[in-house]
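Undergrad: For reference, the structure I am asking about is given below.
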Amino acid sequence: MADGDAPPGGYTPDPVGRAPAVRPFLVTAGRVAGTRTGPPIPVETQVVATAEGLRELDRLTFERHDIVAVCRRPQSIAEIAAKLRLHLNVVRVLAEDLRSAGQLSVHVPHAGTAQDASVLRRVIDGLRTIPDSRGALRDSD
Amino acid sequence: MTVTEVTEPPLRPPLPVKMVIAGGFGVGKTTTVGSISEIAPLTTEAAITEVAAGVDDLTHTPHKTTTTVAMDFGTITIDPTLKLYLFGTPGQDRFGFMWDDLVEGAVGALVIVDTRRLDDCYAAVDYFEHKGIPFTVAVNTFDGRMDHQLDEVRWALDVADPVPVIAFDARERGSVRDALLVVLELALARAEG
């Protein structure tokens, strides 16, 4: 599992763009997601900074600081990873740390959501309101 | 990104609902997500560069020189309490190990097919059949053309009758919306059944 979760980018011999200067799992002290409390939390899990986390923001450093800061607004694990250019599993580990410290609130989705007919109907109804093209939204301009 | 002046966290984040966009390399997954997402598709990993050379057959997709090696995704806010996430699977079999992580808890999947390279989607079809996740096969009609009729695609892929096989255009938002709705209706029928 741990091997399978290793970031492919970590082995790119000639990294291009903004490759991380620090090996991703150095910031987690070598820990990988999903080894302590069962499977890793889903990528769509919502994370939001707590009032305590925001109060203590100035005392946090590096990735932990950046994660709490970006979570002023609710974000998914995937969005945090993308916006901060961190490996998904690094975010998972650090989010769990920050949750334990009371600085983040982590909302793991209920397993049954995907089979919840009322939720599915709401998504269907919402999607149906999306117009064919972006231009259609500007008809009133 | 605009400067946020929010000092107190919102009471509750939205309920996330996840759908998977699968298919072979260069089949239009990112285009599909980008056509309907309210944000430009995000990715958690770098683009394929020389790593992909010799591995992926680019001869049929001459304009595509890079692709994402991990996953790209987009979002559709249904309302302040509900948000749909569209996650693209990595295009290569060798990254297949990431799928379980991605697919866990998904309402369903759209498997995008390029009829010039039907073989490329076998892995995805097999995967979702095996997992018992509602999925729809969606033929991406590049340039308005379709080399195979839909019933031929169904026959070639040997998918079960309840699995919808549709045609769509990844570049058209309305077409992508309708394709996602087919997946959701399938998931709803199963949830109600």
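Ordering of the structure tokens sets the chain letters (A, B, ...); residue numbers start at 1 within each chain; ligands are numbered from 1 in the order shown.
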Show me, as a PyMOL selection string, the residues of chain A whose atoms get within 7 Å of chain B, using only C-alpha atoms for the distance check.
TA: chain A and resi 4+9+43-44+46+48-51+72-74+81-82+85+87-88+111+114-117+120+123-124+126-127+131-133
Undergrad: Considering only C-alpha atoms, return as a PyMOL selection string whatever protein or nucleic-acid residues lie within 8 Å of Val93 (chain A), sequence-local ones (same chain, fewer than 2 positions apart) excluded.
TA: chain A and resi 28+31-33+89-91+95-97
Undergrad: Nearest to Leu186 (chain B): which of B:Ala167, B:Leu157, B:Phe135, B:Asp126 is it, counting only C-alpha atoms?
TA: B:Phe135
Undergrad: Quick one: pick out all helix (DSSP H, G or I) residues within region 50-123 of chain A from a backbone DSSP run and write them as a ChimeraX atom specification.
TA: /A:51-55,57-59,62-70,77-84,88-100,111-115,117-123
Undergrad: So what do you get for CA of Leu60 (chain A) versus CA of Pro109 (chain A), distance-wise?
TA: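 Computed distance, CA of Leu60 (chain A) to CA of Pro109 (chain A), equals 27.1 Å.
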Undergrad: I need the strand (DSSP E or B) residues of region 62-118 of chain A per DSSP on the backbone, written as a list in words.
TA: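 Selecting the strand (DSSP E or B) positions of region 62-118 of chain A gives Gln75, Ser76, Leu104, Ser105, Val106 and His107 of chain A.
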Undergrad: The selected residues should be written to file as an mmCIF file, in the first residue's frame (atoms: N, CA and C atoms).
TA:
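File result.cif, as written:
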data_model
loop_
_atom_site.group_PDB
_atom_site.id
_atom_site.type_symbol
_atom_site.label_atom_id
_atom_site.label_comp_id
_atom_site.auth_asym_id
_atom_site.auth_seq_id
_atom_site.Cartn_x
_atom_site.Cartn_y
_atom_site.Cartn_z
ATOM 1 N N GLN A 75 -12.700 23.332 1.564
ATOM 2 C CA GLN A 75 -11.996 22.789 0.403
ATOM 3 C C GLN A 75 -12.019 21.265 0.507
ATOM 4 N N SER A 76 -11.958 20.599 -0.623
ATOM 5 C CA SER A 76 -11.754 19.158 -0.582
ATOM 6 C C SER A 76 -10.260 18.884 -0.450
ATOM 7 N N LEU A 104 -8.153 22.174 12.250
ATOM 8 C CA LEU A 104 -8.974 21.920 11.070
ATOM 9 C C LEU A 104 -10.165 21.067 11.478
ATOM 10 N N SER A 105 -11.248 21.271 10.753
ATOM 11 C CA SER A 105 -12.404 20.406 10.878
ATOM 12 C C SER A 105 -12.481 19.578 9.598
ATOM 13 N N VAL A 106 -12.505 18.251 9.749
ATOM 14 C CA VAL A 106 -12.472 17.348 8.597
ATOM 15 C C VAL A 106 -13.800 16.602 8.520
ATOM 16 N N HIS A 107 -14.511 16.793 7.419
ATOM 17 C CA HIS A 107 -15.852 16.215 7.267
ATOM 18 C C HIS A 107 -15.809 15.046 6.298
#
Undergrad: Go ahead and compute the interatomic distance for CA of Lys131 (chain B) and CA of Ser37 (chain B), in Å to one decimal.
TA: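 Calculated distance between CA of Lys131 (chain B) and CA of Ser37 (chain B) is 26.2 Å.
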Undergrad: What does the distance from CA of Cys121 (chain B) to CA of Gly24 (chain B) come to in Å, to one decimal?
TA: 5.5 Å
